[in-house]
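Novice: Starting off with a structure, shown below.
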Amino acid sequence: MDHPRPHWGLLAGAGLLLVAALVLVITNPLRINHDVTLHLLAATHIVEGRVPYVDFFNINFPMIFYLDTLPVVVSRMLGVPLILAMNTGALLLTGLSAGALVAITFRYDERHLGSKLAFGLAAFGLVAAAMNQLGQREHLFVVLYLPFLLLRWYEWRGRDVPPALSIPLGILGAVGVCIKPYFALIVIAVEGYWLVTHREHWRRLFTPGAIAFAATGLGYLLHLAVLPGVAEGFRIQLGRTLAGYGEARGSSPLLVLVFSAEVTLAAALAGIVIARRKETPQQQLILWLAIFMLGALVSYGAQARGFPYQLLPAMAAGSILMVLVLLPQVPPTPPEKVWLNAGRLLVAVWAAGAFLSPAALRANTHDLTGLTGAIEEQTAADEPVLILSPFPPAYKALLKTERPSAARYLPTMPIIFEIPRELPLEEQYATVTPWIDEMLGIVARDLEAAPPALIIIDNLSTCPSCPPNFNLHTYFQRIEFLAEAVYPAYMYLGEVDNMVLYRHIGEPGSAMAIPVNFGAGQTLIAWEMPAGQAVRPCDPLTLQTWWQASRPVEQDFSLGAVVSGPAGVIGQNDAPPANINTTQWLAGTQYVDERTIVIDCDAVPGDYDLLLTLYEPNFIENQPVELANGQPVGEYFFVTTITVTE
């Protein structure tokens with residue numbers, strides 16, 4: 001029988017570890033895992049009344065979206081940043097799970113054992129925080145399922161478990177497993193082991209808690225089939241994703257362990273602890289957790305992806321196993337030794353954390369500070385941003401800036417699965433499948449109906465599962481999606497953090513120009529001055545112009561916008577029209593340009609001419625200008641009169 005006295009040193013240590021994780025969260029308030037970002041954005045869509053796989057699309061199962069609606073609601077109710085609400089909520093859930101482990105063992109008078117479980121789980125929570133994995137699906141699975149796992153351990157040992165305790169924990173455990181289908185392999189491992197070794201107790205598969213667990217999982221699966229539109233959308237999305245993963249893996253079979261140092265070490269540890277005797281409850285629990293770890297490794301291998309976060313369940317089991325192995329319980333440890341051992345273990349954890357923290361804090365961060373700054377500079381707080389990327393990190397910038405997402409596809413990963421990897425790159429850039437055409441049609445209609453303030457398109461030449469050297473932005477250029485849906489109302493801003501930015505300018509308004517042809521083949525079709533034509537010295541003057549190329553352009557030209565009067569030039573801005581080299585312009589495509597002309601601080605009040613000219617920078621030779629009827633204008637086109645006031 002386990003010693004009834006709780007291990008106060010370990011309980012205090014568990015609290016300190018969770019406090020350390022909380023300090024890490026608070027001192028890094030914008031640090032969040034990019035996968036968690038996608039789930040939170042999907043949850044935000046749900047909170048706003050949208051239906052997954054009908055109104056928005058993601059390649060994951062929807063349970064994680066449902067769970068993440070909680071931090072979204074809390075963030076909005078309390079007015080706290082969503083990232084902080086997510087990370088602190090995940091830590092709170094970890095603490096509650098550790099407390100549940102203690103409460104369960106206290107109920108069965110094995111308090112010393114519960115203290116060790118709590119310490120091990122708290123250490124795992126600190127590791128998850130350091131690795132930037134708080135709120136990741138594997139992390140949530142561990143903290144939701146472990147209390148039920150412990151309860152099942154007591155049930156298989158023949159202990160009476162009241163339904164009032166087993167049913168709620170069974171429901172929560174099932175919710176954790178439903179986050180990702182691979183987690184079912186872990187349940188099969190632990191339950192299957194006890195069923196094989198205790199065949200005479202097969203009825204324990206049908207306890208109230210186990211029934212609640214199974215019913216919750218079944219209900220979750222059934223709801224996917226009955227919600228209007230969800231079943232078909234989910235089936236298509238899942239089928240496309242699985243096919244893409246299979247193609248990305250090549251000839252690798254589905255159940256392949258991606259061997260690494262971590263997997264080998266975990267398997268060795270599991271083998272060692274399995275070989276131990278199981279005479280005491282602690283030794284039995286070591287075996288139980290070892291089976292859990294092996295199931296977690298099978299789950300990791302079944303995904304055949306090799307991402308480190310997929311090892312989190314095995315790491316959690318390893319963390320608790322380390323505590324159980326390093327702190328033997330029989331015979332009972334004297335109180336002074338209890339505190340000494342707890343202190344040593346805590347120091348060891350802190351030392352490991354100090355050694356690993358610099359690398360851990362840098363790992364999986366994808367800060368994208370340039371992109372975050374660009375979003376804040378180019379948009380207001382309530383203006384939506386559209387991100388088109390096959391890779392999640394770019395979406396973190398939205399949460400950091402608290403801008404709403406205008407994307408239905410989170411991310412656009414299925415689009416890269418539609419591109420045959422065996423084709424030459426140029427043929428890949430020419431491939432448009434029916435699904436890609438449908439998807440881009442939806443995006444184009446959304447841009448027309450509710451244009452976001454900013455469009456961000458991934459410019460990476462490689463990403464997980466992408467065809468080699470395939471670039472999404474280049475692909476959108478080649479298939480003329482940008483020419484049809486983006487260029488007419490969006491201005492190219494440039495590239496930041498491997499992301500290409502376009503800012504919404506809009507279609508031409510009332511201030512239309514007579515079509516004016518420049519000698520290089522570009523036509524000025526409209527202009528506007530959104531802030532008006534009156535300006536003071538030192539102030540900026542904003543000019544918007546819309547252009548169209550009548551034929552391919554063989555040189556890169558610069559557009560000069562000049563404010564001039566009798567006293568000379570008082571303001572000028574020269575740059576490529578639409579900020580895109582004119583040799584890249586497509587005939588018949590509309591391009592929009594916006595530029596700011598700063599008026600000289602010593603400008604004399606009065607009326608000035610706003611002139612436009614197009615020239616080749618290498619020769620400083622202005623192109624001839626003529627009206628649509630062929631009437632020559634000269635080298636400059638007079639746009640309007642600018643009034644400089646006092």
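Ligands are numbered from 1 in the order shown, residues from 1 within each chain, and chains are lettered A, B, ... in the order they appear in the structure tokens.
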Find the residues near Leu312 in chain A: any atom within 7 Å, counting only C-alpha atoms, skip ones fewer than 4 places away on the same chain, and give them as an mmCIF file with C-alpha atoms, in the first residue's frame.
Specialist:
data_model
loop_
_atom_site.group_PDB
_atom_site.id
_atom_site.type_symbol
_atom_site.label_atom_id
_atom_site.label_comp_id
_atom_site.auth_asym_id
_atom_site.auth_seq_id
_atom_site.Cartn_x
_atom_site.Cartn_y
_atom_site.Cartn_z
ATOM 1 C CA GLU A 138 -0.749 17.061 -28.460
ATOM 2 C CA HIS A 139 -0.450 19.235 -25.357
ATOM 3 C CA ALA A 316 4.760 13.848 -21.089
#
Novice: If you count only C-alpha atoms, which residues fall within 10 Å of Pro404 in chain A, apart from same-chain ones fewer than 2 positions away, as number ranges by chain?
Specialist: A: 41, 44-45, 381-386, 398-399, 401-402, 406-407, 452
Novice: Rounded to one decimal, what separation in Å do you get between CA of Leu311 in chain A and CA of Ile236 in chain A?
Specialist: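 Taking CA of Leu311 in chain A and CA of Ile236 in chain A, their separation equals 28.2 Å.
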Novice: Of the residues A:Ala98, A:Ala628, A:Leu423, A:Leu222, which is the one nearest to Phe119 in chain A, using only C-alpha atoms?
Specialist: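 Selected residue with least distance to Phe119 in chain A: A:Ala98.
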Novice: Residues of range 103-177 of chain A within 10 Å of range 284-289 of chain A: nearest atom pair and distance (Å, one decimal) for each, counting only C-alpha atoms, sorted by chain and number, as CSV?
Specialist:
residue,atom,partner,partner_atom,distance
A:Leu113,CA,A:Leu285,CA,9.3
A:Leu146,CA,A:Leu289,CA,9.9
A:Leu149,CA,A:Trp288,CA,9.1
A:Leu150,CA,A:Leu285,CA,8.6
A:Trp153,CA,A:Trp288,CA,7.6
A:Tyr154,CA,A:Leu285,CA,9.8
A:Arg157,CA,A:Gln284,CA,9.6
Novice: A:Ala489, A:Val73, A:Arg204, A:Pro29: which is nearest Glu448 in chain A, counting only C-alpha atoms?
Specialist: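 Checking each of A:Ala489, A:Val73, A:Arg204, A:Pro29 against Glu448 in chain A, counting only C-alpha atoms, the winner is A:Ala489.
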Novice: Could you give me, as a list of chain:residue names, the residues within 8 Å of Pro617 in chain A, counting only C-alpha atoms and dropping anything in the same chain fewer than 2 positions from it?
Specialist: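 Returned residues: A:Phe557, A:Ser558, A:Tyr615, A:Phe619, A:Ile620, A:Glu621.
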Novice: Quick one: of A:Val127, A:Ala317, A:Ala520, A:Ala449, who's nearest to Ala549 in chain A, counting only C-alpha atoms?
Specialist: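 Ranking A:Val127, A:Ala317, A:Ala520, A:Ala449 by distance to Ala549 in chain A, first place goes to A:Ala520.
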Novice: Take CA of Glu191 in chain A and CA of Leu151 in chain A and report the distance between them in Å, one decimal.
Specialist: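 One can read the CA of Glu191 in chain A to CA of Leu151 in chain A distance as 12.2 Å.
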Novice: DSSP on the backbone, alpha helix (DSSP H) only: what residues of range 62-187 of chain A does that give? Format it as a ChimeraX atom specification.
Specialist: /A:63-78,82-107,111-130,137-156,163-178,184-187
Novice: Hey, which of A:Val54, A:Leu126, A:Met131, A:Leu586 ends up closest to Ala483 in chain A? Count only C-alpha atoms.
Specialist: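 Of the candidates, the smallest distance to Ala483 in chain A is held by A:Leu586.
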Novice: Applying 10 Å and only C-alpha atoms, which residues near Val553 in chain A remain after dropping the ones on its own chain fewer than 6 positions away? List them as a PyMOL selection string.
Specialist: chain A and resi 520-522+581-587
Novice: Would you output that residue set with N, CA and C atoms, as a CSV table (one decimal), in the first residue's frame?
Specialist:
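Saved the output as part-v2.csv:
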chain,number,residue,atom,x,y,z
A,520,ALA,N,5.3,54.5,-74.2
A,520,ALA,CA,5.8,53.1,-73.9
A,520,ALA,C,4.7,52.1,-74.0
A,521,GLY,N,3.5,52.5,-74.2
A,521,GLY,CA,2.4,51.6,-74.3
A,521,GLY,C,1.5,51.5,-73.1
A,522,GLN,N,1.8,52.4,-72.1
A,522,GLN,CA,0.9,52.4,-71.0
A,522,GLN,C,-0.2,53.5,-71.1
A,581,ASN,N,7.9,46.5,-61.9
A,581,ASN,CA,8.6,46.7,-63.2
A,581,ASN,C,7.7,46.6,-64.4
A,582,THR,N,7.8,47.6,-65.3
A,582,THR,CA,6.8,47.6,-66.4
A,582,THR,C,7.0,46.4,-67.3
A,583,THR,N,8.3,45.8,-67.4
A,583,THR,CA,8.5,44.7,-68.2
A,583,THR,C,7.7,43.4,-67.7
A,584,GLN,N,7.2,43.5,-66.5
A,584,GLN,CA,6.4,42.4,-65.9
A,584,GLN,C,4.9,42.7,-66.2
A,585,TRP,N,4.5,43.8,-66.7
A,585,TRP,CA,3.1,44.1,-66.9
A,585,TRP,C,2.5,43.2,-68.0
A,586,LEU,N,1.3,42.8,-67.8
A,586,LEU,CA,0.5,42.0,-68.8
A,586,LEU,C,-0.4,42.9,-69.6
A,587,ALA,N,-0.4,42.7,-70.9
A,587,ALA,CA,-1.3,43.5,-71.7
A,587,ALA,C,-2.7,43.3,-71.4
Novice: Which polymer residues have any atom within 8 Å of an atom of Tyr182 in chain A, counting only C-alpha atoms, with same-chain residues fewer than 4 positions away left out, as a ChimeraX atom specification?
Specialist: /A:186,299,302-303
Novice: Would you write out those residues with N, CA, C and O atoms, as a PDB file, in the first residue's frame?
Specialist:
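So the final result, stored in out_10.pdb, reads:
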ATOM      1  N   ILE A 186      -3.100   5.447 -28.993  1.00  0.00           N
ATOM      2  CA  ILE A 186      -2.614   5.403 -27.612  1.00  0.00           C
ATOM      3  C   ILE A 186      -3.647   4.732 -26.719  1.00  0.00           C
ATOM      4  O   ILE A 186      -3.309   3.900 -25.865  1.00  0.00           O
ATOM      5  N   SER A 299       1.788   6.380 -32.489  1.00  0.00           N
ATOM      6  CA  SER A 299       1.026   7.501 -33.036  1.00  0.00           C
ATOM      7  C   SER A 299       1.938   8.450 -33.806  1.00  0.00           C
ATOM      8  O   SER A 299       1.605   8.920 -34.896  1.00  0.00           O
ATOM      9  N   ALA A 302       2.872   6.775 -37.044  1.00  0.00           N
ATOM     10  CA  ALA A 302       1.761   6.656 -37.984  1.00  0.00           C
ATOM     11  C   ALA A 302       1.557   7.933 -38.786  1.00  0.00           C
ATOM     12  O   ALA A 302       1.111   7.896 -39.932  1.00  0.00           O
ATOM     13  N   GLN A 303       1.915   9.060 -38.191  1.00  0.00           N
ATOM     14  CA  GLN A 303       1.752  10.325 -38.909  1.00  0.00           C
ATOM     15  C   GLN A 303       2.845  10.526 -39.952  1.00  0.00           C
ATOM     16  O   GLN A 303       2.671  11.326 -40.878  1.00  0.00           O
TER      17      GLN A 303
END
Novice: Under the rule that only C-alpha atoms are counted, which of A:Tyr490, A:Val604, A:Leu82, A:Thr613 is the nearest residue to Asp574 in chain A?
Specialist: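 For Asp574 in chain A, the nearest of the candidates is A:Thr613.
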Novice: What does the distance between CA of Phe183 in chain A and CA of Ile171 in chain A come to in Å, to one decimal place?
Specialist: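 Calculated distance between CA of Phe183 in chain A and CA of Ile171 in chain A is 15.0 Å.
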Novice: Any idea what's packed within 9 Å of Ala215 in chain A, counting only C-alpha atoms, ignoring anything in its chain fewer than 4 positions away? Could you give it as a list of chain:residue names?
Specialist: A:Ile171, A:Ala174, A:Ala210, A:Ile211, A:Gly219, A:Tyr220
